[in-house]
Structures are given as structure tokens and as C-alpha cells.
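Text of the file start.cif, holding mmCIF, C-alpha atoms:
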data_structure
#
loop_
_atom_site.label_atom_id
_atom_site.label_comp_id
_atom_site.auth_asym_id
_atom_site.auth_seq_id
_atom_site.Cartn_x
_atom_site.Cartn_y
_atom_site.Cartn_z
CA MET A 1 -3.66 8.30 68.60
CA LYS A 2 -3.02 5.74 71.35
CA PRO A 3 -2.36 7.10 74.89
CA VAL A 4 1.27 5.88 74.97
CA ALA A 5 1.98 7.37 71.56
CA ARG A 6 0.31 10.61 72.59
CA ILE A 7 2.48 10.83 75.72
CA PHE A 8 5.64 10.09 73.75
CA SER A 9 4.73 12.68 71.16
CA SER A 10 4.13 15.26 73.88
CA LEU A 11 7.48 14.49 75.51
CA VAL A 12 9.27 14.89 72.21
CA PHE A 13 7.53 18.22 71.68
CA VAL A 14 8.45 19.47 75.16
CA VAL A 15 12.09 18.38 74.80
CA GLY A 16 12.23 20.01 71.40
CA VAL A 17 10.85 23.27 72.73
CA LEU A 18 13.34 23.25 75.61
CA MET A 19 16.26 22.53 73.31
CA PHE A 20 15.16 25.28 70.92
CA SER A 21 14.69 27.68 73.80
CA GLN A 22 18.09 26.88 75.28
CA GLY A 23 19.72 27.08 71.86
CA SER A 24 18.08 30.40 71.16
CA GLN A 25 19.11 31.72 74.57
CA HIS A 26 22.69 30.54 73.99
CA ALA A 27 22.75 32.14 70.53
CA LEU A 28 21.41 35.35 72.04
CA GLN A 29 24.06 35.32 74.73
CA ALA A 30 26.76 34.58 72.17
CA ALA A 31 25.59 37.49 70.00
CA GLU A 32 25.52 40.03 72.81
CA HIS A 33 28.26 42.56 72.15
CA PRO A 34 29.54 44.84 74.94
CA VAL A 35 29.71 47.91 72.67
CA PRO A 36 26.61 49.48 71.09
CA GLU A 37 26.52 49.75 67.32
CA SER A 38 27.46 53.16 65.97
CA PRO A 39 28.27 54.77 62.60
CA LEU A 40 31.56 55.86 64.22
CA TRP A 41 33.03 52.36 64.65
CA LEU A 42 32.62 48.70 63.68
CA THR A 43 31.51 45.82 65.90
CA TYR A 44 31.68 42.07 65.28
CA SER A 45 30.03 39.59 67.61
CA GLY A 46 31.88 36.45 68.65
CA GLY A 47 30.47 33.02 69.40
CA SER A 48 30.61 30.32 72.04
CA GLY A 49 33.55 28.34 73.38
CA PRO A 50 36.49 29.24 75.64
CA ASP A 51 36.71 32.70 74.06
CA ALA A 52 33.05 33.63 74.58
CA GLY A 53 32.60 37.00 76.21
CA LYS A 54 36.18 38.21 75.68
CA HIS A 55 36.28 41.59 73.97
CA ILE A 56 39.12 42.98 71.84
CA VAL A 57 39.35 46.64 70.77
CA LEU A 58 41.40 47.32 67.63
CA VAL A 59 42.50 50.87 66.76
CA ALA A 60 43.20 51.80 63.12
CA ALA A 61 44.80 55.24 63.03
CA ASP A 62 47.76 55.40 60.65
CA GLN A 63 48.33 57.25 57.39
CA GLU A 64 50.69 54.89 55.56
CA TYR A 65 50.11 51.16 56.02
CA ARG A 66 46.34 50.92 55.49
CA SER A 67 45.34 49.86 58.99
CA GLU A 68 41.80 50.88 58.08
CA HIS A 69 41.76 47.70 55.97
CA SER A 70 43.85 45.33 58.09
CA MET A 71 42.23 45.96 61.48
CA PRO A 72 38.66 45.18 60.29
CA MET A 73 40.02 42.06 58.54
CA LEU A 74 41.68 40.94 61.75
CA ALA A 75 38.56 41.79 63.77
CA ARG A 76 36.38 39.64 61.48
CA LEU A 77 38.83 36.75 61.72
CA LEU A 78 39.01 36.94 65.53
CA ALA A 79 35.23 37.04 65.80
CA LYS A 80 34.22 34.37 63.25
CA HIS A 81 36.99 31.80 63.74
CA HIS A 82 37.90 32.41 67.38
CA GLY A 83 34.75 33.65 69.05
CA PHE A 84 35.99 36.99 70.38
CA HIS A 85 33.79 40.07 70.39
CA THR A 86 35.71 42.75 68.48
CA THR A 87 35.39 46.50 68.01
CA VAL A 88 37.36 48.57 65.48
CA LEU A 89 37.93 52.25 66.25
CA PHE A 90 39.20 54.67 63.61
CA SER A 91 40.81 58.09 63.37
CA LEU A 92 37.99 60.21 61.91
CA ASN A 93 37.96 63.63 60.27
CA LYS A 94 35.48 66.44 61.00
CA ASP A 95 32.89 64.70 58.80
CA ASN A 96 33.28 61.46 60.80
CA GLU A 97 35.02 59.77 57.88
CA VAL A 98 37.98 57.42 58.12
CA ASP A 99 40.67 59.64 56.68
CA PRO A 100 44.29 58.40 56.37
CA THR A 101 45.10 61.56 54.39
CA GLN A 102 44.88 63.77 57.50
CA LYS A 103 48.09 65.62 58.26
CA ILE A 104 50.04 65.12 61.47
CA ARG A 105 51.02 67.78 64.01
CA TRP A 106 54.54 68.00 62.55
CA GLU A 107 53.01 69.09 59.22
CA ASP A 108 50.23 71.26 60.62
CA LYS A 109 50.44 72.53 64.20
CA SER A 110 46.66 73.01 64.34
CA VAL A 111 45.90 69.31 63.82
CA THR A 112 44.16 67.30 66.51
CA HIS A 113 43.00 63.79 65.69
CA ASN A 114 39.81 62.13 66.83
CA ILE A 115 39.32 58.45 67.73
CA PRO A 116 35.76 58.08 69.02
CA GLY A 117 35.04 55.10 71.26
CA LEU A 118 38.25 54.97 73.28
CA GLU A 119 36.09 54.92 76.42
CA HIS A 120 35.36 51.28 75.58
CA LEU A 121 38.93 50.41 76.56
CA GLU A 122 37.71 50.50 80.15
CA LYS A 123 35.86 47.21 79.80
CA CYS A 124 37.74 45.40 77.03
CA ASP A 125 40.17 42.51 77.54
CA LEU A 126 42.83 43.42 74.96
CA LEU A 127 43.92 46.46 72.95
CA ILE A 128 45.42 45.98 69.48
CA LEU A 129 46.91 49.33 68.50
CA PHE A 130 47.92 50.44 65.01
CA SER A 131 48.40 54.21 65.19
CA ARG A 132 51.00 56.53 63.69
CA LEU A 133 51.91 59.96 65.05
CA VAL A 134 48.40 60.91 66.10
CA THR A 135 47.73 63.85 68.39
CA LEU A 136 44.68 63.22 70.55
CA PRO A 137 42.66 65.56 72.77
CA PRO A 138 43.32 65.20 76.53
CA GLU A 139 40.09 63.34 77.27
CA GLN A 140 40.92 60.67 74.66
CA LEU A 141 44.54 60.39 75.79
CA GLN A 142 43.30 59.82 79.32
CA HIS A 143 41.57 56.62 78.18
CA ILE A 144 44.96 55.39 76.89
CA TYR A 145 46.70 56.40 80.12
CA ASN A 146 44.04 54.63 82.19
CA TYR A 147 44.50 51.50 80.08
CA LEU A 148 48.25 51.55 80.70
CA ASP A 149 47.52 51.48 84.44
CA SER A 150 44.87 48.75 84.17
CA GLY A 151 47.14 45.72 83.93
CA LYS A 152 45.39 44.68 80.70
CA PRO A 153 47.43 43.49 77.69
CA ILE A 154 48.53 45.34 74.59
CA ILE A 155 49.45 44.33 71.04
CA GLY A 156 51.30 47.01 69.05
CA ILE A 157 51.43 46.75 65.25
CA ARG A 158 54.17 48.38 63.12
CA THR A 159 53.90 52.16 63.57
CA ALA A 160 52.38 51.84 67.05
CA ASN A 161 55.93 52.26 68.35
CA HIS A 162 55.73 55.86 67.13
CA GLY A 163 52.01 56.01 67.48
CA PHE A 164 51.55 59.36 69.23
CA ILE A 165 52.64 62.98 69.28
CA GLY A 166 52.09 64.77 72.56
CA PHE A 167 51.97 61.62 74.66
CA GLU A 168 52.42 62.77 78.26
CA TYR A 169 51.95 59.59 80.30
CA LYS A 170 54.23 59.62 83.34
CA LYS A 171 55.43 56.91 85.69
CA ASP A 172 57.14 57.81 88.94
CA GLY A 173 57.12 61.41 87.72
CA LYS A 174 59.02 60.56 84.52
CA ARG A 175 57.54 60.85 81.05
CA ILE A 176 57.34 57.46 79.33
CA ASP A 177 57.98 57.05 75.62
CA PHE A 178 55.19 54.74 74.46
CA GLY A 179 57.30 52.88 71.91
CA GLU A 180 60.44 52.44 73.97
CA GLY A 181 58.87 52.11 77.40
CA VAL A 182 55.67 50.20 76.76
CA LEU A 183 56.24 48.25 73.52
CA GLY A 184 59.99 47.73 73.83
CA GLY A 185 61.38 49.79 70.96
CA SER A 186 60.71 52.96 68.98
CA PHE A 187 61.22 53.45 65.25
CA ARG A 188 64.75 54.72 64.60
CA ASN A 189 65.16 54.08 60.90
CA HIS A 190 64.28 51.85 57.97
CA HIS A 191 66.71 48.94 57.94
CA GLY A 192 67.05 48.74 54.18
CA ARG A 193 65.22 50.38 51.32
CA TRP A 194 61.79 51.82 52.10
CA GLN A 195 59.15 50.67 49.59
CA GLN A 196 61.76 48.51 47.83
CA ASP A 197 62.81 45.72 50.20
CA SER A 198 60.46 43.14 51.72
CA THR A 199 60.86 41.06 54.87
CA ARG A 200 61.27 37.34 55.48
CA GLY A 201 60.47 36.37 59.05
CA LEU A 202 63.00 34.04 60.70
CA ILE A 203 61.86 32.31 63.89
CA VAL A 204 64.38 32.71 66.69
CA GLU A 205 65.60 29.15 67.29
CA GLN A 206 66.00 29.30 71.07
CA ASN A 207 62.46 30.67 71.48
CA LYS A 208 60.70 28.56 68.85
CA ASN A 209 58.52 26.81 71.44
CA HIS A 210 56.94 30.00 72.71
CA PRO A 211 53.11 29.75 72.50
CA VAL A 212 52.88 32.77 70.18
CA LEU A 213 54.81 30.79 67.55
CA LYS A 214 52.70 27.66 67.72
CA GLY A 215 51.89 26.49 64.19
CA VAL A 216 53.67 29.47 62.59
CA LYS A 217 55.60 28.28 59.55
CA ASP A 218 56.04 31.07 57.04
CA ILE A 219 56.13 34.83 57.63
CA TRP A 220 56.72 37.24 54.78
CA GLY A 221 55.55 40.75 53.97
CA THR A 222 56.16 43.59 51.56
CA SER A 223 57.08 46.08 54.28
CA ASP A 224 60.73 46.67 55.14
CA VAL A 225 62.46 45.93 58.45
CA TYR A 226 62.44 48.60 61.17
CA ARG A 227 65.48 49.35 63.29
CA THR A 228 64.29 49.92 66.86
CA TYR A 229 67.61 50.17 68.69
CA LYS A 230 71.02 51.67 67.99
CA GLU A 231 73.45 49.81 65.76
CA GLY A 232 75.38 47.31 67.83
CA GLY A 233 72.68 47.29 70.52
CA THR A 234 69.93 44.86 71.45
CA LEU A 235 66.30 44.88 72.44
CA PRO A 236 65.73 46.38 75.89
CA GLU A 237 66.02 44.13 78.93
CA GLY A 238 62.88 42.09 79.42
CA CYS A 239 62.07 41.71 75.72
CA LEU A 240 62.02 38.15 74.38
CA PRO A 241 62.64 38.09 70.59
CA LEU A 242 60.46 35.66 68.67
CA VAL A 243 61.04 36.55 65.02
CA GLU A 244 63.84 38.35 63.20
CA GLY A 245 63.29 40.06 59.88
CA GLN A 246 65.70 39.42 57.04
CA PRO A 247 65.54 42.14 54.35
CA LEU A 248 65.11 40.81 50.82
CA VAL A 249 66.20 42.54 47.61
CA GLY A 250 62.74 43.18 46.20
CA ARG A 251 59.09 42.87 47.17
CA ASN A 252 58.38 39.28 46.17
CA HIS A 253 58.22 36.26 48.47
CA ASP A 254 61.12 34.41 46.87
CA ASP A 255 63.45 37.35 46.24
CA ALA A 256 67.09 37.00 47.27
CA VAL A 257 68.38 37.92 50.69
CA ASN A 258 69.96 41.35 50.99
CA THR A 259 73.36 40.10 52.16
CA GLU A 260 74.44 43.61 53.17
CA LEU A 261 71.83 43.77 55.91
CA ILE A 262 71.65 41.54 58.98
CA PRO A 263 68.28 40.39 60.31
CA LEU A 264 66.81 42.45 63.16
CA PRO A 265 63.98 41.63 65.60
CA VAL A 266 60.52 42.23 64.16
CA ALA A 267 58.38 40.48 66.82
CA TRP A 268 58.85 40.09 70.55
CA VAL A 269 57.02 39.80 73.87
CA LYS A 270 57.55 41.57 77.16
CA THR A 271 55.65 42.82 80.19
CA TRP A 272 54.62 46.33 81.14
CA THR A 273 53.86 47.65 84.61
CA GLY A 274 51.93 50.90 85.02
CA ASN A 275 51.45 53.23 87.96
CA THR A 276 49.12 50.86 89.81
CA GLY A 277 51.75 48.10 89.89
CA LYS A 278 49.59 45.81 87.75
CA THR A 279 51.57 43.85 85.16
CA ALA A 280 50.38 43.42 81.56
CA ARG A 281 51.58 41.15 78.79
CA VAL A 282 52.74 42.93 75.63
CA PHE A 283 53.36 41.71 72.07
CA HIS A 284 54.88 43.97 69.43
CA SER A 285 55.34 43.29 65.72
CA THR A 286 57.04 45.83 63.48
CA MET A 287 55.63 43.92 60.52
CA GLY A 288 51.96 44.50 59.85
CA SER A 289 51.15 46.55 56.76
CA SER A 290 47.86 45.57 55.14
CA GLN A 291 49.84 43.67 52.50
CA ASP A 292 51.87 41.88 55.19
CA PHE A 293 48.67 40.47 56.68
CA LYS A 294 48.07 38.48 53.51
CA SER A 295 50.69 36.18 55.07
CA GLU A 296 48.98 33.37 56.94
CA GLY A 297 52.02 33.11 59.16
CA LEU A 298 51.74 36.72 60.30
CA ARG A 299 48.00 36.36 60.90
CA ARG A 300 48.58 33.20 62.95
CA MET A 301 51.32 34.79 65.03
CA THR A 302 49.13 37.83 65.74
CA VAL A 303 46.09 35.77 66.70
CA ASN A 304 48.26 33.50 68.86
CA ALA A 305 49.59 36.65 70.51
CA ALA A 306 46.03 37.71 71.34
CA TYR A 307 45.47 34.42 73.16
CA TRP A 308 48.83 34.66 74.94
CA CYS A 309 48.30 38.28 75.95
CA MET A 310 45.00 37.34 77.61
CA ASN A 311 46.61 34.41 79.46
CA MET A 312 44.82 31.94 77.19
CA GLU A 313 47.87 30.20 75.73
CA ALA A 314 46.43 26.79 76.67
CA ALA A 315 43.73 27.42 74.06
CA ILE A 316 46.16 28.08 71.19
CA ASP A 317 45.66 25.48 68.47
CA GLU A 318 48.40 25.13 65.87
CA ASN A 319 45.76 24.04 63.34
CA ALA A 320 43.20 26.73 64.16
CA CYS A 321 41.61 28.45 61.18
CA MET A 322 43.30 31.69 60.12
CA ASP A 323 41.42 32.15 56.85
CA ILE A 324 40.49 35.68 55.85
CA VAL A 325 36.77 36.35 56.25
CA GLY A 326 35.25 38.07 53.24
CA THR A 327 37.14 40.02 50.58
CA TYR A 328 40.55 41.44 51.38
CA ASN A 329 42.31 43.36 48.63
CA PRO A 330 43.89 46.34 50.42
CA PRO A 331 45.79 49.09 48.60
CA ASP A 332 49.55 49.23 48.86
CA SER A 333 51.33 51.26 51.52
CA GLY A 334 52.58 54.78 51.00
CA PHE A 335 51.63 58.44 50.94
CA ASN A 336 50.75 58.82 47.26
CA TYR A 337 47.07 58.94 48.10
CA LYS A 338 45.93 59.99 44.62
CA LYS A 339 47.75 57.15 42.87
CA LEU A 340 46.57 54.63 45.46
CA ASN A 341 43.01 56.01 45.39
CA ILE A 342 42.97 56.65 49.13
CA VAL A 343 39.98 58.87 49.92
CA PRO A 344 38.00 59.54 53.10
CA GLN A 345 35.20 57.01 53.65
CA MET A 346 32.66 56.27 56.34
CA PRO A 347 33.57 53.44 58.78
CA SER A 348 30.81 51.28 57.27
CA ALA A 349 32.81 51.10 54.01
CA PHE A 350 35.33 48.85 55.80
CA LYS A 351 32.79 46.50 57.39
#
Can you dump the structure from the file as C-alpha cells?
Amino acid sequence: MKPVARIFSSLVFVVGVLMFSQGSQHALQAAEHPVPESPLWLTYSGGSGPDAGKHIVLVAADQEYRSEHSMPMLARLLAKHHGFHTTVLFSLNKDNEVDPTQKIRWEDKSVTHNIPGLEHLEKCDLLILFSRLVTLPPEQLQHIYNYLDSGKPIIGIRTANHGFIGFEYKKDGKRIDFGEGVLGGSFRNHHGRWQQDSTRGLIVEQNKNHPVLKGVKDIWGTSDVYRTYKEGGTLPEGCLPLVEGQPLVGRNHDDAVNTELIPLPVAWVKTWTGNTGKTARVFHSTMGSSQDFKSEGLRRMTVNAAYWCMNMEAAIDENACMDIVGTYNPPDSGFNYKKLNIVPQMPSAFK
């Protein structure tokens, strides 16, 4: 080989090695997840881009709406398509199984639930909470209380507005109702027929340009509308309604409107200020059963809300991919566990 050719070949080799080394280092950095792997929870590593390094914790702890299916689906989507590191925590039984069939304290006064991994809220950037009437031990509740004082954002899904029993967080010496005080509304009743009506999402015209609604075109789900304030009332001061839910007569996308029922807010944003004076952005959707999340519009709104909550609204892309990653065929909502084949399973079953 001639000297010039040999030099050129060597340069190409060196450049190639450097590029491979840098690429490998970048891939390693992108794959680094802030939470260690464990059989008690699920982790998904994000990628590069403006979202690299941001970490979202999702909590699946309800007994009715199959959050054990929807939260891993959302975590996979946020990681693969949007680059966020995600961790899914579950309510586990004594055998460390995900168990939606566990009773609540109202049914059995001896019940205490267990959500391992809540300590990871200390270093995450966003909490997405889908719990329902869980009673946690004091040390786990303290992680929630600390988060409420951290100034970090919160997304509440459906039953999160009645997510706890025995919630003793206080501000200025006064006990705060998590749903009403933090999320902006607690469950008061089903607005329509439970397990019979479905919901068509109607974007609130005067707020249609809010970043959370960017690219959102069609929202529909099989769950019914929640009433979160008294009849004749409104959302609490400081809540900005984004979507109203119109009950439909039936559980199909094109069913007729239930003309006897007015639409009520099903998605809004607000801010929350804890004991430290730090202000956090909050998004709450009372839609969000596992079946509801088959709606691309609901997925897009929720992902947009994650960006907005973390002050990343400039990165919201109306054409961003919201495709489901992997298989997603969740069971229907409800408490007929035998008919729906809902049985305790290890967290890995939902990976």
C-alpha cells in the first residue's frame, strides 16, 4: 500500500473508532436509568433528544379501571417515542403480586396497601398517579407528602381524585383533601349510567390553543363522566377547563348523545402550592380507564400534559408519534374479577 493511501486508511480507521466510541458512550448514557431494576416494579429507558434524562414515575394502584395495564402502556410510549425514562410502581399484595382484587379499608378495616418504590419520587421529574382508595403505611405516605412539598408536577388519572383513604397531609395546619385541594375536584357521583354510558370529549373552545391540546382531535372512551362539583357549581378557582365530557347513550364511539345530561369538565390544568411555597403544575383527567387509552386523542392529551407539566411545552409536536408500543388488549373495567379474568400477577407480566 502506498504511503498516502496508508495514511488515509489509518485516518479513516481512527475517525471510525472515535465515532463508534462516542456513539457507544451516547447510547450508554441514553440507556442509563435512574432507578435500579427490580421484580417489584417496571423500568423503561428513554433515549436522546430534549427529553433525555427526564424521569417519570407512574403509579398503578386501582381496583376497577385496569391501571396495571394502562400505566405500563403509557410508560412504554413515553420512553420509546418521547425519550423519557419511566418507572411503573404497583400496589402489591403480600406475595409481591399486582393485585387489583385487594379490598379497601372501607371493606376490611385491617387492610393496608403496599406500593414499593415510592422513595424514587424524590428524584423524579413528574408523577403520574392512578390510585383508588388505597391506604398506605406512614412511611410510604410520607413520600407522597414530600412530593407535594417539592414543587414538582403531578398528573392525576380518573380515580386519583379519590385515590387515598387515611390521607393526612396538612397545609397551614389544615388537612388537605387530595382530590379537591391538589387535583381540583373529588369524585362526587357518576354523571350518567355507570358501565352503560361512554364519553365524547369536547374541547373547550376558548382554551383550544392551550399546549396540552396541541394536535388533539378526537377523544372518546368507554368510561362514564364523573361529577366533581355540586350541581350548579363550577370547577374550583384556578382550574382551567380544557375538555368537557358529553355522555353518550351506549359504549360505542358513534352512539347518540344523552340529551338529558349536560357535558361536564373531564380534563383541566391548575397549579398547586405545598408547604414550602414551591408551585407545581397539575393536570387532571377524569377519563382514563384502560379502554379509554385506546383513544389516540386521550393518549396525545396525556403525553402533551407531561411535557407541559415539566415546563417543556415548547417541545410539544402536534404530529408526534402516539402509537401504542407492543400489544395492548386490556380487560374491561369493573369489579367482576372472575368474569374479567382478573387475577394477581407478578409485575413482570405487565412489561
Subject >> Who sits within 8 Å of range 93-100 of chain A, all atoms listed in the file, same chain under 6 positions skipped, as a ChimeraX atom specification >> reply: /A:40,61-64,66,68,113-114,342-347
Could you save those same residues with C-alpha atoms as a PDB file, in the frame of the given file?
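In the end it all went to result.pdb:
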ATOM      1  CA  LEU A  40      31.560  55.860  64.220  1.00  0.00           C
ATOM      2  CA  ALA A  61      44.800  55.240  63.030  1.00  0.00           C
ATOM      3  CA  ASP A  62      47.760  55.400  60.650  1.00  0.00           C
ATOM      4  CA  GLN A  63      48.330  57.250  57.390  1.00  0.00           C
ATOM      5  CA  GLU A  64      50.690  54.890  55.560  1.00  0.00           C
ATOM      6  CA  ARG A  66      46.340  50.920  55.490  1.00  0.00           C
ATOM      7  CA  GLU A  68      41.800  50.880  58.080  1.00  0.00           C
ATOM      8  CA  HIS A 113      43.000  63.790  65.690  1.00  0.00           C
ATOM      9  CA  ASN A 114      39.810  62.130  66.830  1.00  0.00           C
ATOM     10  CA  ILE A 342      42.970  56.650  49.130  1.00  0.00           C
ATOM     11  CA  VAL A 343      39.980  58.870  49.920  1.00  0.00           C
ATOM     12  CA  PRO A 344      38.000  59.540  53.100  1.00  0.00           C
ATOM     13  CA  GLN A 345      35.200  57.010  53.650  1.00  0.00           C
ATOM     14  CA  MET A 346      32.660  56.270  56.340  1.00  0.00           C
ATOM     15  CA  PRO A 347      33.570  53.440  58.780  1.00  0.00           C
TER      16      PRO A 347
END
**OP:** Quick one: pull the distance between CA of Phe187 in chain A and CA of Met71 in chain A, Å, one decimal.
**Re:**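 Pair CA of Phe187 in chain A / CA of Met71 in chain A returns 20.8 Å.
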**OP:** Skip range 265-269 of chain A itself and residues of its chain fewer than 6 positions away, then list as a ChimeraX atom specification all residues within 7 Å of it, counting all atoms listed in the file.
**Re:** /A:239-245,282-287
Go ahead and dump the residues you just picked, C-alpha atoms, as a PDB file, keeping the file's coordinate frame.
ATOM      1  CA  CYS A 239      62.070  41.710  75.720  1.00  0.00           C
ATOM      2  CA  LEU A 240      62.020  38.150  74.380  1.00  0.00           C
ATOM      3  CA  PRO A 241      62.640  38.090  70.590  1.00  0.00           C
ATOM      4  CA  LEU A 242      60.460  35.660  68.670  1.00  0.00           C
ATOM      5  CA  VAL A 243      61.040  36.550  65.020  1.00  0.00           C
ATOM      6  CA  GLU A 244      63.840  38.350  63.200  1.00  0.00           C
ATOM      7  CA  GLY A 245      63.290  40.060  59.880  1.00  0.00           C
ATOM      8  CA  VAL A 282      52.740  42.930  75.630  1.00  0.00           C
ATOM      9  CA  PHE A 283      53.360  41.710  72.070  1.00  0.00           C
ATOM     10  CA  HIS A 284      54.880  43.970  69.430  1.00  0.00           C
ATOM     11  CA  SER A 285      55.340  43.290  65.720  1.00  0.00           C
ATOM     12  CA  THR A 286      57.040  45.830  63.480  1.00  0.00           C
ATOM     13  CA  MET A 287      55.630  43.920  60.520  1.00  0.00           C
TER      14      MET A 287
END
What would the selection look like, as a PDB file with C-alpha atoms, in the coordinates of the input, if the PyMOL selection byres ((chain A and resi 148-150) around 7) were run on the coordinates I just shared?
ATOM      1  CA  ILE A 144      44.960  55.390  76.890  1.00  0.00           C
ATOM      2  CA  TYR A 145      46.700  56.400  80.120  1.00  0.00           C
ATOM      3  CA  ASN A 146      44.040  54.630  82.190  1.00  0.00           C
ATOM      4  CA  TYR A 147      44.500  51.500  80.080  1.00  0.00           C
ATOM      5  CA  GLY A 151      47.140  45.720  83.930  1.00  0.00           C
ATOM      6  CA  LYS A 152      45.390  44.680  80.700  1.00  0.00           C
ATOM      7  CA  GLY A 274      51.930  50.900  85.020  1.00  0.00           C
ATOM      8  CA  ASN A 275      51.450  53.230  87.960  1.00  0.00           C
ATOM      9  CA  THR A 276      49.120  50.860  89.810  1.00  0.00           C
ATOM     10  CA  LYS A 278      49.590  45.810  87.750  1.00  0.00           C
TER      11      LYS A 278
END
**OP:** Write out as an MDAnalysis selection string the residues lying within 9 Å of Arg299 in chain A, counting only C-alpha atoms and excluding same-chain residues fewer than 6 positions away.
**Re:** chainID A and resid 74 219 292:293 322:323
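The spacing separating CA of Tyr226 in chain A from CA of Glu107 in chain A amounts to 22.6 Å.
For the file shown, the residue list from the PyMOL selection byres ((chain A and resi 188) around 8) reads A:Ser186, A:Phe187, A:Asn189, A:His190, A:Tyr226, A:Arg227, A:Thr228, A:Tyr229, A:Lys230.
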Subject >> From A:Ser91, A:Gly297, A:Tyr44, A:Val257, residue lying nearest Met73 in chain A [only C-alpha atoms] >> reply: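 Of all the options, A:Tyr44 lies closest to Met73 in chain A.
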Subject >> Selected residue of minimal separation from Asp317 in chain A among A:His82, A:Arg76, A:Arg193, A:Arg251, counting only C-alpha atoms >> reply: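 Among the listed residues, the smallest separation from Asp317 in chain A belongs to A:His82.
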Subject >> Given only C-alpha atoms as the counted atoms, nearest of A:Glu237, A:Glu318, A:Glu231, A:Glu296 to Pro211 in chain A >> reply: A:Glu318
Subject >> Residue contacts of Gln195 in chain A (8 Å, only C-alpha atoms) excluding same-chain residues fewer than 3 positions away, as a PyMOL selection string >> reply: chain A and resi 198+222-224+334
Original post:
Pick the closest to His143 in chain A from A:Gly117, A:Gly156, A:Gly232, A:Pro331: which is it, counting only C-alpha atoms?
Top reply: A:Gly117
